[in-house]
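Working notes, beginning with the structure itself.
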Amino acid sequence: MSQPADASSHIAFLDRYYGRHRRTYDLTRRMFLLGRERMLRQLAVQPGERVLEIGCGTARNLLWLARREAAATYHGVDASREMLKTAADRVRSSPADVVLSQHRAESLTSPDILGVPQGFDVVFFSYSLSMMPDWRGALAAAMSCLCPTGRLSIVDFWDLAGWPKCISLWTRRRLLMHHVRFDAGVHEWLREAQGPARQLQIAPVARRWAYLATLRPATPLHTK
Ligand SMILES: C[S@@+](CC[C@H](N)C(=O)[O-])C[C@H]1O[C@@H](n2cnc3c(N)ncnc32)[C@H](O)[C@@H]1O
């Protein structure tokens with residue numbers, strides 16, 4: 001099954017897909033979406049920071065962060081209105097400061113769009129970039145939403161190179177059926193975006209089931 005080419009068919013696909021899956025999503029995906037907590041811990045969100053998740057799904061990551069650091073502000077965007085219904089229900093029943101809105105990742109060409117002209121201290125993608133047909137546009141948009149000292153993190157499927165071939169082939173085929181694919185160009189893009197002012201780290205998760213990429217200022221401002 002190929003990826004839908006244009007924006008409206010991509011959103012229509014997501015709404016059809018998540019209209020069926022959103023209620024059971026968190027429960028059924030937890031054993032496949034490896035490395036999420038590791039990334040969230042590494043984000044080391046500080047009081048007063050502004051955090052943006054692109055492709056926030058049910059908001060489980062934002063609520064996880066908000067439970068640990070309540071004195072930060074959290075924004076979640078997602079292209080799927082269906083998924084955002086579940087996210088809104090979760091956010092309503094929590095005391096956390098989480099703002100949700102419907103946007104395609106590629107359209108976030110400035111943080112002004114989200115009413116945060118200073119930009120975000122943290123922008124992250126968790127298993128969403130591999131679903132985005134225009135991942136280059138999504139990464140460029142994420143960079144333009146960062147403040148000058150901001151950090152970008154991504155956790156997502158990698159090439160499963162450490163797994164037996166039959167498992168890796170079967171899994172990648174299954175992922176494609178769900179419109180999910182790893183494009184090696186993502187790491188190349190990040191290396192080029194690094195420049196002299198930023199530092200890129202790409203670490204494997206579970207024998208390259210997934211990767212955890214972090215692009216941060218070359219001189220870190222704080223550690224937790
Ligand atoms: C596999 S889910 C991951 C959800 C969440 N980040 C998590 O870790 O549980 C991928 C999410 O990305 C969203 N998504 C896919 N393409 C998108 C796009 N172009 N712009 C914004 N969100 C998108 C989907 O609607 C979905 O909610």
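Labeling convention for the structure tokens: chains A, B, ... as they appear, residues from 1 per chain, ligands from 1 in order of appearance.
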Within 8 Å of ligand 1, which residues of chain A come that close, and what is the closest atom pair and distance in Å for each? Count only C-alpha atoms and all ligand atoms and give it as CSV.
```
residue,atom,partner,partner_atom_place_in_ligand_line,distance
A:Ala7,CA,ligand 1,19 (N),7.7
A:His10,CA,ligand 1,19 (N),7.3
A:Ile11,CA,ligand 1,16 (N),7.4
A:Leu14,CA,ligand 1,25 (O),5.4
A:Asp15,CA,ligand 1,25 (O),7.4
A:Tyr18,CA,ligand 1,25 (O),7.1
A:Tyr25,CA,ligand 1,9 (O),7.9
A:Asp26,CA,ligand 1,9 (O),6.7
A:Arg29,CA,ligand 1,9 (O),7.7
A:Leu33,CA,ligand 1,8 (O),7.0
A:Arg36,CA,ligand 1,8 (O),6.7
A:Glu53,CA,ligand 1,6 (N),7.3
A:Ile54,CA,ligand 1,21 (C),6.0
A:Gly55,CA,ligand 1,12 (O),3.7
A:Cys56,CA,ligand 1,6 (N),4.2
A:Gly57,CA,ligand 1,27 (O),3.4
A:Thr58,CA,ligand 1,5 (C),6.4
A:Ala59,CA,ligand 1,5 (C),6.8
A:Arg60,CA,ligand 1,9 (O),6.3
A:Asn61,CA,ligand 1,8 (O),6.3
A:Val77,CA,ligand 1,21 (C),6.4
A:Asp78,CA,ligand 1,22 (N),3.9
A:Ala79,CA,ligand 1,21 (C),4.0
A:Ser80,CA,ligand 1,25 (O),4.4
A:Arg81,CA,ligand 1,25 (O),7.9
A:Met83,CA,ligand 1,27 (O),5.6
A:Leu84,CA,ligand 1,27 (O),7.7
A:Gln102,CA,ligand 1,21 (C),7.8
A:His103,CA,ligand 1,21 (C),5.9
A:Arg104,CA,ligand 1,20 (N),3.5
A:Ala105,CA,ligand 1,20 (N),3.8
A:Glu106,CA,ligand 1,19 (N),6.3
A:Phe125,CA,ligand 1,6 (N),6.3
A:Ser126,CA,ligand 1,6 (N),4.3
A:Tyr127,CA,ligand 1,3 (C),4.8
A:Ser128,CA,ligand 1,10 (C),3.9
A:Leu129,CA,ligand 1,16 (N),7.0
A:Met131,CA,ligand 1,15 (C),5.0
A:Met132,CA,ligand 1,16 (N),4.5
A:Pro133,CA,ligand 1,19 (N),7.0
A:Asp134,CA,ligand 1,19 (N),7.2
A:Trp135,CA,ligand 1,19 (N),7.9
A:Ala138,CA,ligand 1,19 (N),7.2
```
Trp64 of chain A surroundings by only C-alpha atoms, 12 Å radius, close-in-sequence under 3 positions cut, as a PDB file with C-alpha atoms, in the first residue's frame:
```pdb
ATOM      1  CA  ARG A  36       9.875   6.478  24.227  1.00  0.00           C
ATOM      2  CA  GLU A  37      10.483   6.756  27.988  1.00  0.00           C
ATOM      3  CA  ARG A  38      14.214   6.814  27.388  1.00  0.00           C
ATOM      4  CA  MET A  39      13.807   9.794  25.072  1.00  0.00           C
ATOM      5  CA  LEU A  40      11.381  11.574  27.407  1.00  0.00           C
ATOM      6  CA  ARG A  41      13.820  11.185  30.306  1.00  0.00           C
ATOM      7  CA  LEU A  43      14.727  15.593  27.272  1.00  0.00           C
ATOM      8  CA  VAL A  45      12.565  19.339  30.717  1.00  0.00           C
ATOM      9  CA  CYS A  56       1.378  13.896  19.628  1.00  0.00           C
ATOM     10  CA  THR A  58      -3.138  10.526  22.390  1.00  0.00           C
ATOM     11  CA  ALA A  59      -0.919  13.008  24.325  1.00  0.00           C
ATOM     12  CA  ARG A  60       0.495  10.191  26.465  1.00  0.00           C
ATOM     13  CA  ASN A  61       4.073  11.518  26.078  1.00  0.00           C
ATOM     14  CA  ARG A  67       3.689  14.563  35.583  1.00  0.00           C
ATOM     15  CA  ARG A  68       7.458  14.912  36.056  1.00  0.00           C
ATOM     16  CA  GLU A  69       7.789  18.640  35.388  1.00  0.00           C
ATOM     17  CA  ALA A  70       4.548  20.513  35.952  1.00  0.00           C
ATOM     18  CA  TYR A  74       3.318  21.727  26.722  1.00  0.00           C
ATOM     19  CA  ARG A  90      -6.953  12.705  28.388  1.00  0.00           C
ATOM     20  CA  VAL A  91      -5.852  16.304  28.825  1.00  0.00           C
ATOM     21  CA  SER A  94      -5.503  15.885  33.983  1.00  0.00           C
ATOM     22  CA  ALA A  96      -1.418  19.408  33.275  1.00  0.00           C
ATOM     23  CA  ASP A  97      -0.919  22.546  31.177  1.00  0.00           C
ATOM     24  CA  VAL A  98      -1.177  21.011  27.691  1.00  0.00           C
TER      25      VAL A  98
END
```
Pull the closest atom pair for each residue of segment 161-186 of chain A that gets at most 9 Å from segment 203-220 of chain A, along with the distance in Å to one decimal, counting only C-alpha atoms, ordering rows by chain and then ascending residue number, as a tab-separated table.
```
residue	atom	partner	partner_atom	distance
A:Ala161	CA	A:Arg208	CA	5.9
A:Gly162	CA	A:Arg207	CA	4.7
A:Trp163	CA	A:Arg207	CA	6.7
A:Ser168	CA	A:Trp209	CA	8.7
```
Would you save the residues of that selection, restricted to N, CA and C atoms, as a CSV table (one decimal), in the first residue's frame?
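Output file result.csv is given in full below:
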```csv
chain,number,residue,atom,x,y,z
A,161,ALA,N,18.4,-3.8,11.8
A,161,ALA,CA,19.6,-4.5,11.3
A,161,ALA,C,20.1,-5.5,12.3
A,162,GLY,N,19.8,-5.4,13.5
A,162,GLY,CA,20.3,-6.4,14.5
A,162,GLY,C,19.4,-7.6,14.7
A,163,TRP,N,18.3,-7.6,14.0
A,163,TRP,CA,17.3,-8.7,14.1
A,163,TRP,C,17.4,-9.7,13.0
A,168,SER,N,13.0,-9.1,10.6
A,168,SER,CA,13.1,-7.7,10.1
A,168,SER,C,12.2,-7.5,8.9
```
Spatial neighbours of Phe182 of chain A, 7 Å, only C-alpha atoms, chain gap at least 2 places, as a list in words: Ser130, Phe157, Trp158, Asp159 and Ala184 of chain A
Just to be explicit: take each residue in the selection above, keep N, CA and C atoms, and write the result as a PDB file, in the first residue's frame.
```
ATOM      1  N   SER A 130       8.113   8.825  10.848  1.00  0.00           N
ATOM      2  CA  SER A 130       8.089   7.720   9.879  1.00  0.00           C
ATOM      3  C   SER A 130       6.722   7.570   9.213  1.00  0.00           C
ATOM      4  N   PHE A 157      11.199   4.182  14.394  1.00  0.00           N
ATOM      5  CA  PHE A 157      11.696   2.911  13.854  1.00  0.00           C
ATOM      6  C   PHE A 157      12.990   3.138  13.084  1.00  0.00           C
ATOM      7  N   TRP A 158      13.932   2.169  13.248  1.00  0.00           N
ATOM      8  CA  TRP A 158      15.165   2.205  12.441  1.00  0.00           C
ATOM      9  C   TRP A 158      15.082   1.053  11.433  1.00  0.00           C
ATOM     10  N   ASP A 159      16.256   0.456  11.092  1.00  0.00           N
ATOM     11  CA  ASP A 159      16.260  -0.542  10.013  1.00  0.00           C
ATOM     12  C   ASP A 159      16.218  -1.990  10.508  1.00  0.00           C
ATOM     13  N   ALA A 184      16.492   6.250   5.304  1.00  0.00           N
ATOM     14  CA  ALA A 184      17.856   6.516   5.778  1.00  0.00           C
ATOM     15  C   ALA A 184      18.243   7.976   5.578  1.00  0.00           C
TER      16      ALA A 184
END
```
Hey, what does DSSP flag as alpha helix (DSSP H) within chain A? Can you give it to me as JSON, numbers by chain? {"A": [7, 8, 9, 10, 11, 12, 13, 14, 15, 16, 17, 18, 19, 20, 21, 25, 26, 27, 28, 29, 36, 37, 38, 39, 40, 41, 42, 43, 60, 61, 62, 63, 64, 65, 66, 67, 68, 81, 82, 83, 84, 85, 86, 87, 88, 89, 90, 91, 92, 135, 136, 137, 138, 139, 140, 141, 142, 143, 144, 145, 165, 166, 167, 168, 169, 170, 171, 172, 173, 174, 175, 176, 177, 185, 186, 187, 188, 189, 190, 191, 192, 193, 194]}
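When only C-alpha atoms are used to compute distances to Trp189 of chain A, the closest of the residues A:Gly137, A:Gly48, A:Pro164, A:Pro148 turns out to be A:Gly137.
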Atom CA of Asp183 of chain A and atom CA of Thr171 of chain A, how far apart in Å?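 Those two atoms sit 15.1 Å apart.
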Once DSSP has gone over the backbone, tell me which residues of segment 94-219 of chain A are in strand (DSSP E or B), as a PyMOL selection string. chain A and resi 98-102+120-126+146-157+198-205+210-217
With distances taken over only C-alpha atoms, which of A:Met177, A:Leu169, A:Ile113, A:Leu65 is nearest to Val51 of chain A?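 With only C-alpha atoms as the atom set, the closest residue is A:Leu65.
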Do you know which residues are at most 8 Å from Val122 of chain A counting only C-alpha atoms, after dropping those on the same chain fewer than 3 positions away, and could you put them as a PDB file with N, CA and C atoms, in the first residue's frame?
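Printed below is around_15.pdb as written:
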```pdb
ATOM      1  N   LEU A  43      15.094  14.208  27.595  1.00  0.00           N
ATOM      2  CA  LEU A  43      14.727  15.593  27.272  1.00  0.00           C
ATOM      3  C   LEU A  43      15.021  16.515  28.455  1.00  0.00           C
ATOM      4  N   VAL A  45      13.320  18.069  30.764  1.00  0.00           N
ATOM      5  CA  VAL A  45      12.565  19.339  30.717  1.00  0.00           C
ATOM      6  C   VAL A  45      12.736  20.105  32.033  1.00  0.00           C
ATOM      7  N   GLU A  49      10.225  25.842  30.794  1.00  0.00           N
ATOM      8  CA  GLU A  49      10.510  25.568  29.374  1.00  0.00           C
ATOM      9  C   GLU A  49       9.214  25.355  28.586  1.00  0.00           C
ATOM     10  N   ARG A  50       9.340  25.596  27.279  1.00  0.00           N
ATOM     11  CA  ARG A  50       8.215  25.388  26.357  1.00  0.00           C
ATOM     12  C   ARG A  50       8.537  24.157  25.508  1.00  0.00           C
ATOM     13  N   VAL A  51       7.592  23.218  25.504  1.00  0.00           N
ATOM     14  CA  VAL A  51       7.835  21.911  24.887  1.00  0.00           C
ATOM     15  C   VAL A  51       6.776  21.665  23.816  1.00  0.00           C
ATOM     16  N   LEU A  52       7.206  21.186  22.652  1.00  0.00           N
ATOM     17  CA  LEU A  52       6.269  20.887  21.555  1.00  0.00           C
ATOM     18  C   LEU A  52       6.465  19.451  21.079  1.00  0.00           C
ATOM     19  N   LEU A 146      12.150  25.901  16.869  1.00  0.00           N
ATOM     20  CA  LEU A 146      13.058  25.895  18.027  1.00  0.00           C
ATOM     21  C   LEU A 146      13.551  27.301  18.332  1.00  0.00           C
ATOM     22  N   GLY A 150      17.392  25.800  21.583  1.00  0.00           N
ATOM     23  CA  GLY A 150      16.468  24.662  21.731  1.00  0.00           C
ATOM     24  C   GLY A 150      17.079  23.343  21.291  1.00  0.00           C
ATOM     25  N   ARG A 151      16.437  22.269  21.715  1.00  0.00           N
ATOM     26  CA  ARG A 151      16.891  20.925  21.345  1.00  0.00           C
ATOM     27  C   ARG A 151      15.765  20.145  20.665  1.00  0.00           C
ATOM     28  N   LEU A 152      16.188  19.309  19.720  1.00  0.00           N
ATOM     29  CA  LEU A 152      15.234  18.506  18.940  1.00  0.00           C
ATOM     30  C   LEU A 152      15.518  17.034  19.217  1.00  0.00           C
ATOM     31  N   SER A 153      14.485  16.250  19.486  1.00  0.00           N
ATOM     32  CA  SER A 153      14.678  14.811  19.668  1.00  0.00           C
ATOM     33  C   SER A 153      13.684  14.032  18.820  1.00  0.00           C
TER      34      SER A 153
END
```
